[in-house]
Structure formats: C-alpha cells, structure tokens
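Shown below: model-v2.pdb, with PDB, C-alpha atoms, pLDDT in the B column.
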ATOM      1  CA  MET J   1      -5.732  35.512 -28.662  1.00 57.00           C
ATOM      2  CA  GLU J   2      -4.068  36.203 -25.320  1.00 77.00           C
ATOM      3  CA  ASN J   3      -7.070  38.142 -23.957  1.00 94.00           C
ATOM      4  CA  LEU J   4      -9.564  35.329 -24.440  1.00 98.00           C
ATOM      5  CA  LYS J   5     -11.559  34.044 -21.465  1.00 98.00           C
ATOM      6  CA  LYS J   6     -13.398  30.835 -20.701  1.00 98.00           C
ATOM      7  CA  ALA J   7     -16.850  30.329 -19.236  1.00 98.00           C
ATOM      8  CA  TYR J   8     -18.435  27.079 -18.036  1.00 98.00           C
ATOM      9  CA  ILE J   9     -22.171  26.372 -18.053  1.00 98.00           C
ATOM     10  CA  ALA J  10     -24.567  23.431 -18.071  1.00 98.00           C
ATOM     11  CA  GLY J  11     -28.195  23.474 -19.124  1.00 96.00           C
ATOM     12  CA  GLY J  12     -29.250  20.035 -20.266  1.00 94.00           C
ATOM     13  CA  CYS J  13     -27.835  17.965 -23.090  1.00 93.00           C
ATOM     14  CA  PHE J  14     -24.558  19.521 -24.144  1.00 96.00           C
ATOM     15  CA  TRP J  15     -25.181  19.018 -27.879  1.00 94.00           C
ATOM     16  CA  GLY J  16     -27.862  21.688 -28.169  1.00 95.00           C
ATOM     17  CA  MET J  17     -26.103  24.200 -25.963  1.00 96.00           C
ATOM     18  CA  GLU J  18     -22.909  23.906 -27.992  1.00 97.00           C
ATOM     19  CA  ASP J  19     -24.732  24.204 -31.300  1.00 97.00           C
ATOM     20  CA  LEU J  20     -26.369  27.500 -30.304  1.00 97.00           C
ATOM     21  CA  PHE J  21     -23.379  29.082 -28.557  1.00 98.00           C
ATOM     22  CA  ARG J  22     -20.815  28.223 -31.259  1.00 96.00           C
ATOM     23  CA  VAL J  23     -22.239  30.851 -33.647  1.00 96.00           C
ATOM     24  CA  ARG J  24     -22.701  33.698 -31.172  1.00 97.00           C
ATOM     25  CA  PRO J  25     -20.720  36.917 -31.661  1.00 97.00           C
ATOM     26  CA  GLY J  26     -17.448  36.869 -29.762  1.00 98.00           C
ATOM     27  CA  ILE J  27     -17.382  33.094 -29.297  1.00 98.00           C
ATOM     28  CA  LYS J  28     -14.058  31.722 -30.494  1.00 98.00           C
ATOM     29  CA  ASP J  29     -14.439  28.055 -29.558  1.00 98.00           C
ATOM     30  CA  THR J  30     -16.749  25.646 -27.765  1.00 98.00           C
ATOM     31  CA  GLN J  31     -16.215  22.180 -26.370  1.00 98.00           C
ATOM     32  CA  VAL J  32     -18.619  19.821 -24.624  1.00 98.00           C
ATOM     33  CA  GLY J  33     -17.634  17.914 -21.521  1.00 98.00           C
ATOM     34  CA  TYR J  34     -18.272  17.049 -17.914  1.00 98.00           C
ATOM     35  CA  LEU J  35     -18.251  19.404 -14.921  1.00 98.00           C
ATOM     36  CA  GLY J  36     -18.804  19.212 -11.197  1.00 96.00           C
ATOM     37  CA  GLY J  37     -18.745  15.486 -10.589  1.00 93.00           C
ATOM     38  CA  SER J  38     -17.037  13.022  -8.302  1.00 89.00           C
ATOM     39  CA  ASN J  39     -14.674  11.039 -10.530  1.00 92.00           C
ATOM     40  CA  ASP J  40     -11.591  11.803 -12.582  1.00 94.00           C
ATOM     41  CA  ASN J  41     -11.611  11.096 -16.317  1.00 95.00           C
ATOM     42  CA  PRO J  42     -15.396  10.844 -16.622  1.00 94.00           C
ATOM     43  CA  THR J  43     -16.969   9.264 -19.674  1.00 93.00           C
ATOM     44  CA  TYR J  44     -20.500   9.299 -21.012  1.00 92.00           C
ATOM     45  CA  ALA J  45     -21.001   5.885 -19.404  1.00 91.00           C
ATOM     46  CA  ASN J  46     -19.425   6.901 -16.077  1.00 87.00           C
ATOM     47  CA  HIS J  47     -19.811  10.490 -14.915  1.00 93.00           C
ATOM     48  CA  PRO J  48     -21.419  10.397 -11.443  1.00 87.00           C
ATOM     49  CA  GLY J  49     -22.389  13.869 -10.284  1.00 93.00           C
ATOM     50  CA  HIS J  50     -21.061  15.539 -13.408  1.00 97.00           C
ATOM     51  CA  ALA J  51     -23.230  17.832 -15.490  1.00 97.00           C
ATOM     52  CA  GLU J  52     -23.113  17.682 -19.250  1.00 96.00           C
ATOM     53  CA  GLY J  53     -21.543  21.089 -19.751  1.00 97.00           C
ATOM     54  CA  LEU J  54     -19.977  23.482 -22.136  1.00 98.00           C
ATOM     55  CA  GLU J  55     -16.638  25.256 -22.179  1.00 98.00           C
ATOM     56  CA  ILE J  56     -16.958  28.549 -24.024  1.00 98.00           C
ATOM     57  CA  VAL J  57     -13.872  30.436 -25.177  1.00 98.00           C
ATOM     58  CA  TYR J  58     -14.800  34.049 -25.806  1.00 98.00           C
ATOM     59  CA  ASP J  59     -13.296  37.437 -26.520  1.00 98.00           C
ATOM     60  CA  PRO J  60     -14.396  39.887 -23.801  1.00 97.00           C
ATOM     61  CA  ALA J  61     -13.789  42.752 -26.260  1.00 97.00           C
ATOM     62  CA  GLU J  62     -16.616  41.317 -28.396  1.00 97.00           C
ATOM     63  CA  THR J  63     -19.035  39.865 -25.831  1.00 98.00           C
ATOM     64  CA  SER J  64     -19.332  39.984 -22.063  1.00 98.00           C
ATOM     65  CA  TYR J  65     -19.854  37.333 -19.419  1.00 98.00           C
ATOM     66  CA  SER J  66     -23.240  38.966 -18.732  1.00 98.00           C
ATOM     67  CA  GLU J  67     -24.217  38.564 -22.383  1.00 98.00           C
ATOM     68  CA  LEU J  68     -23.205  34.883 -22.309  1.00 98.00           C
ATOM     69  CA  LEU J  69     -25.382  34.263 -19.260  1.00 98.00           C
ATOM     70  CA  ASP J  70     -28.227  36.284 -20.774  1.00 98.00           C
ATOM     71  CA  TYR J  71     -28.172  33.971 -23.796  1.00 98.00           C
ATOM     72  CA  PHE J  72     -27.894  30.903 -21.535  1.00 98.00           C
ATOM     73  CA  TYR J  73     -31.218  31.862 -19.932  1.00 98.00           C
ATOM     74  CA  ARG J  74     -32.834  32.383 -23.316  1.00 98.00           C
ATOM     75  CA  VAL J  75     -32.068  28.889 -24.659  1.00 97.00           C
ATOM     76  CA  HIS J  76     -32.883  26.527 -21.780  1.00 96.00           C
ATOM     77  CA  ASP J  77     -35.543  26.262 -19.078  1.00 95.00           C
ATOM     78  CA  PRO J  78     -33.886  27.272 -15.792  1.00 96.00           C
ATOM     79  CA  ARG J  79     -36.917  26.307 -13.685  1.00 94.00           C
ATOM     80  CA  THR J  80     -36.657  22.544 -14.114  1.00 92.00           C
ATOM     81  CA  MET J  81     -34.581  20.733 -11.542  1.00 92.00           C
ATOM     82  CA  ASN J  82     -32.296  18.144 -13.165  1.00 94.00           C
ATOM     83  CA  ARG J  83     -34.202  18.170 -16.444  1.00 93.00           C
ATOM     84  CA  GLN J  84     -34.287  19.656 -19.920  1.00 93.00           C
ATOM     85  CA  GLY J  85     -36.822  18.344 -22.406  1.00 89.00           C
ATOM     86  CA  ASN J  86     -36.773  14.550 -22.401  1.00 90.00           C
ATOM     87  CA  ASP J  87     -33.433  14.407 -20.570  1.00 92.00           C
ATOM     88  CA  ILE J  88     -33.832  13.711 -16.864  1.00 92.00           C
ATOM     89  CA  GLY J  89     -31.188  13.392 -14.165  1.00 92.00           C
ATOM     90  CA  GLU J  90     -28.436  15.287 -12.388  1.00 94.00           C
ATOM     91  CA  SER J  91     -26.371  15.309 -15.597  1.00 96.00           C
ATOM     92  CA  TYR J  92     -28.929  17.670 -17.125  1.00 96.00           C
ATOM     93  CA  ARG J  93     -29.057  20.245 -14.336  1.00 97.00           C
ATOM     94  CA  SER J  94     -28.901  23.987 -14.911  1.00 97.00           C
ATOM     95  CA  ALA J  95     -25.588  25.196 -13.512  1.00 98.00           C
ATOM     96  CA  ILE J  96     -23.058  27.957 -13.820  1.00 98.00           C
ATOM     97  CA  PHE J  97     -19.526  26.962 -12.857  1.00 98.00           C
ATOM     98  CA  ILE J  98     -17.981  30.107 -11.437  1.00 98.00           C
ATOM     99  CA  GLN J  99     -14.264  30.792 -11.463  1.00 98.00           C
ATOM    100  CA  ASP J 100     -14.063  33.902  -9.293  1.00 98.00           C
ATOM    101  CA  LYS J 101     -16.028  36.393  -7.218  1.00 98.00           C
ATOM    102  CA  GLU J 102     -16.735  38.641 -10.217  1.00 98.00           C
ATOM    103  CA  GLU J 103     -18.382  35.777 -12.138  1.00 98.00           C
ATOM    104  CA  GLU J 104     -20.380  34.840  -9.051  1.00 98.00           C
ATOM    105  CA  GLU J 105     -21.720  38.393  -8.636  1.00 98.00           C
ATOM    106  CA  THR J 106     -22.527  38.644 -12.338  1.00 98.00           C
ATOM    107  CA  ALA J 107     -24.357  35.303 -12.237  1.00 98.00           C
ATOM    108  CA  LYS J 108     -26.415  36.396  -9.214  1.00 98.00           C
ATOM    109  CA  ASP J 109     -27.270  39.684 -10.949  1.00 98.00           C
ATOM    110  CA  ILE J 110     -28.392  37.924 -14.132  1.00 98.00           C
ATOM    111  CA  ILE J 111     -30.487  35.400 -12.181  1.00 98.00           C
ATOM    112  CA  LYS J 112     -32.265  38.287 -10.447  1.00 97.00           C
ATOM    113  CA  ILE J 113     -32.901  40.001 -13.797  1.00 97.00           C
ATOM    114  CA  VAL J 114     -34.283  36.751 -15.242  1.00 97.00           C
ATOM    115  CA  GLU J 115     -36.549  36.109 -12.248  1.00 96.00           C
ATOM    116  CA  ASP J 116     -37.739  39.725 -12.085  1.00 96.00           C
ATOM    117  CA  SER J 117     -38.594  39.703 -15.805  1.00 96.00           C
ATOM    118  CA  GLY J 118     -41.439  37.221 -15.268  1.00 95.00           C
ATOM    119  CA  ARG J 119     -40.725  35.580 -18.632  1.00 96.00           C
ATOM    120  CA  TRP J 120     -39.975  32.284 -16.940  1.00 94.00           C
ATOM    121  CA  GLN J 121     -42.786  31.861 -14.460  1.00 90.00           C
ATOM    122  CA  GLY J 122     -41.341  30.318 -11.350  1.00 89.00           C
ATOM    123  CA  LYS J 123     -38.037  30.285  -9.556  1.00 94.00           C
ATOM    124  CA  VAL J 124     -34.709  29.842 -11.315  1.00 96.00           C
ATOM    125  CA  VAL J 125     -33.100  26.646  -9.956  1.00 97.00           C
ATOM    126  CA  THR J 126     -29.701  27.134 -11.607  1.00 98.00           C
ATOM    127  CA  THR J 127     -26.940  26.165  -9.208  1.00 97.00           C
ATOM    128  CA  LEU J 128     -23.807  28.250  -8.817  1.00 98.00           C
ATOM    129  CA  GLU J 129     -20.988  25.771  -8.437  1.00 98.00           C
ATOM    130  CA  HIS J 130     -17.299  26.455  -8.061  1.00 97.00           C
ATOM    131  CA  PHE J 131     -15.356  25.470 -11.147  1.00 98.00           C
ATOM    132  CA  THR J 132     -12.782  22.786 -10.458  1.00 96.00           C
ATOM    133  CA  LYS J 133     -11.997  21.020 -13.727  1.00 97.00           C
ATOM    134  CA  PHE J 134     -13.462  20.597 -17.180  1.00 98.00           C
ATOM    135  CA  TRP J 135     -13.222  17.126 -18.650  1.00 98.00           C
ATOM    136  CA  PRO J 136     -13.734  17.100 -22.444  1.00 98.00           C
ATOM    137  CA  ALA J 137     -16.349  14.607 -23.633  1.00 97.00           C
ATOM    138  CA  GLU J 138     -15.579  11.896 -26.131  1.00 96.00           C
ATOM    139  CA  GLU J 139     -14.866  13.028 -29.691  1.00 96.00           C
ATOM    140  CA  TYR J 140     -18.193  11.772 -31.040  1.00 95.00           C
ATOM    141  CA  HIS J 141     -19.978  14.281 -28.771  1.00 95.00           C
ATOM    142  CA  GLN J 142     -17.938  17.263 -30.004  1.00 97.00           C
ATOM    143  CA  ASP J 143     -19.805  19.308 -32.639  1.00 96.00           C
ATOM    144  CA  TYR J 144     -22.455  16.584 -32.551  1.00 95.00           C
ATOM    145  CA  LEU J 145     -25.246  18.540 -34.239  1.00 95.00           C
ATOM    146  CA  VAL J 146     -22.896  19.690 -36.985  1.00 95.00           C
ATOM    147  CA  LYS J 147     -22.023  16.047 -37.662  1.00 95.00           C
ATOM    148  CA  ASN J 148     -25.661  14.928 -37.168  1.00 95.00           C
ATOM    149  CA  PRO J 149     -27.882  17.833 -38.263  1.00 92.00           C
ATOM    150  CA  ASN J 150     -31.087  15.927 -37.482  1.00 92.00           C
ATOM    151  CA  GLY J 151     -29.899  14.943 -34.009  1.00 91.00           C
ATOM    152  CA  TYR J 152     -31.894  15.533 -30.832  1.00 90.00           C
ATOM    153  CA  THR J 153     -31.922  18.894 -29.102  1.00 92.00           C
ATOM    154  CA  CYS J 154     -34.299  20.575 -26.682  1.00 91.00           C
ATOM    155  CA  HIS J 155     -32.544  23.943 -26.926  1.00 94.00           C
ATOM    156  CA  PHE J 156     -33.790  26.904 -28.905  1.00 95.00           C
ATOM    157  CA  GLU J 157     -34.094  30.654 -28.479  1.00 96.00           C
ATOM    158  CA  ARG J 158     -37.237  31.348 -26.464  1.00 96.00           C
ATOM    159  CA  PHE J 159     -36.909  35.099 -25.809  1.00 94.00           C
ATOM    160  CA  GLY J 160     -35.022  38.169 -26.788  1.00 96.00           C
ATOM    161  CA  THR J 161     -32.434  39.557 -24.423  1.00 97.00           C
ATOM    162  CA  PHE J 162     -33.096  40.043 -20.717  1.00 97.00           C
ATOM    163  CA  LEU J 163     -30.529  42.868 -20.608  1.00 96.00           C
TER     164      LEU J 163
END

Write-out of the structure in structure tokens:
Amino acid sequence: MENLKKAYIAGGCFWGMEDLFRVRPGIKDTQVGYLGGSNDNPTYANHPGHAEGLEIVYDPAETSYSELLDYFYRVHDPRTMNRQGNDIGESYRSAIFIQDKEEEETAKDIIKIVEDSGRWQGKVVTTLEHFTKFWPAEEYHQDYLVKNPNGYTCHFERFGTFL
C-alpha cells in the first residue's frame, strides 16, 4: 500500500467519472470532490471556481498515469468548454490537476496523442491546473451511482485506447 499514488481529474459530473474509474485495473480507491476553486471547505451549494473532480488512488505497478489519462479521454468529451452532457458551467470543465513536472509532461503528451488521433474532431480544451487541495464532496455524492444505479450520467466509453 505504501507505493500507491493519487491522480486528480475533472471531466463533468463527478458521479459518472467515479463510477467508470472505480472498476479499472490498478485503481484502489476513488473519491469525488472539489478541485481548483476559490473557497475553503466547498460544498455542492457553494464551490465557486471549483471543478467537480475525482481523486484516484492507484497502484503504479498495475496501471500508469498515462493509462489513467488515456481512459479519461475515452469517457468524456474534452472539446466542450465548461460542459459535459446536460451539465453546464465551470464546475463541469475538463481539467487535469497536476502535482509535478512529470505529470505535466505526461498530460501534454497524452493531449497531443488524443488531438493527433482525430477521434475527437476539434481541439482539446482540457486545462492543466496545478493541484493545491482536494476537498471531498458530501457523503451522498460518494459512490452515487452505486447507491442510485439509475442516476444521471453522461459518461461512457466512446473509444478504445489512444495508446
């Protein structure tokens, strides 16, 4: 357990992202929350500037950061600014919250691969934002689609791997 890493992403409503990532090989835990905003202790009702995001705990011996980002670009539309499906606003932006230079370079490499593939026609608008703090969302948001299997999601696998 000591070699586990964390990754932070946002790609629309956090429920759907969590539901898809939780079952991926090498993923040990997921948690939904708020990233990149302007207030401490954000809540669903008050999270100005925060994205609805996902904390992913993973084992790098089983999956890589590149593979996580590859999957990220397969399950949400990275061309839509501040929108996924019916969800509109800054909270639903496509973002990668980078923790170091290596993650930043990997993210840039994956974005180039995604754009060069032509699968998503148009420019990737995912922002690369420096990770500062992850604020867990309220308990009722955690594992939401497990608790509410008919709940709303706009996330699904659209393509096979870009790698």

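Evaluated on this file, the PyMOL selection byres ((chain J and resi 107) around 8) matches Ser66, Leu69, Ile96, Glu103, Glu104, Glu105, Thr106, Lys108, Asp109, Ile110, Ile111 and Leu128 of chain J.
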
Given only C-alpha atoms, how would the per-residue table for stretch 86-161 of chain J near stretch 33-50 of chain J read, listing every residue at most 8 Å away with its closest atom pair and distance in Å to one decimal, sorted by chain and number, as a Markdown table?
| residue | atom | partner | partner_atom | distance |
| --- | --- | --- | --- | --- |
| J:Glu90 | CA | J:Gly49 | CA | 6.6 |
| J:Ser91 | CA | J:His50 | CA | 5.7 |
| J:Phe97 | CA | J:Leu35 | CA | 7.9 |
| J:Glu129 | CA | J:Gly36 | CA | 7.4 |
| J:Phe131 | CA | J:Gly36 | CA | 7.1 |
| J:Thr132 | CA | J:Gly36 | CA | 7.0 |
| J:Lys133 | CA | J:Leu35 | CA | 6.6 |
| J:Phe134 | CA | J:Leu35 | CA | 5.4 |
| J:Trp135 | CA | J:Tyr34 | CA | 5.1 |
| J:Pro136 | CA | J:Gly33 | CA | 4.1 |
| J:Ala137 | CA | J:Gly33 | CA | 4.1 |
| J:Glu138 | CA | J:Thr43 | CA | 7.1 |

Go ahead and save the picked residues with C-alpha atoms, as a CSV table (one decimal), in the frame of the given file.
chain,number,residue,atom,x,y,z
J,90,GLU,CA,-28.4,15.3,-12.4
J,91,SER,CA,-26.4,15.3,-15.6
J,97,PHE,CA,-19.5,27.0,-12.9
J,129,GLU,CA,-21.0,25.8,-8.4
J,131,PHE,CA,-15.4,25.5,-11.1
J,132,THR,CA,-12.8,22.8,-10.5
J,133,LYS,CA,-12.0,21.0,-13.7
J,134,PHE,CA,-13.5,20.6,-17.2
J,135,TRP,CA,-13.2,17.1,-18.6
J,136,PRO,CA,-13.7,17.1,-22.4
J,137,ALA,CA,-16.3,14.6,-23.6
J,138,GLU,CA,-15.6,11.9,-26.1

Discussion item. Between atom CA of J:Asn150 and atom CA of J:Arg74, what distance in Å does the model show, to one decimal?
Written reply: 21.8 Å

Please build the interface table for stretch 27-102 of chain J against stretch 117-123 of chain J with a cut-off of 10 Å, listing for each qualifying residue the nearest atom pair and the distance in Å to one decimal; count all atoms listed in the file, order rows by chain and increasing number, and write it as a tab-separated table.
residue	atom	partner	partner_atom	distance
J:Tyr73	CA	J:Trp120	CA	9.3
J:Arg74	CA	J:Trp120	CA	9.6
J:Asp77	CA	J:Trp120	CA	7.8
J:Pro78	CA	J:Trp120	CA	8.0
J:Arg79	CA	J:Lys123	CA	5.8
J:Thr80	CA	J:Lys123	CA	9.1

Discussion item. I want to know what sits within 8 Å of J:Thr161, based on only C-alpha atoms, with residues of the same chain fewer than 2 positions away left out; could you give that as a PyMOL selection string?
Written reply: chain J and resi 70-71+74+159+163

Worksheet item: stretch 10-13 of chain J: which residues within 8 Å, counting all atoms listed in the file, same-chain residues fewer than 6 positions away excluded, as a PyMOL selection string?
Response: chain J and resi 51-54+72+76-78+82-84+87+91-96+153-154

Worksheet item: Rounded to one decimal in Å, what is the spacing between atom CA of J:Phe14 and atom CA of J:Phe162?
Response: 22.5 Å
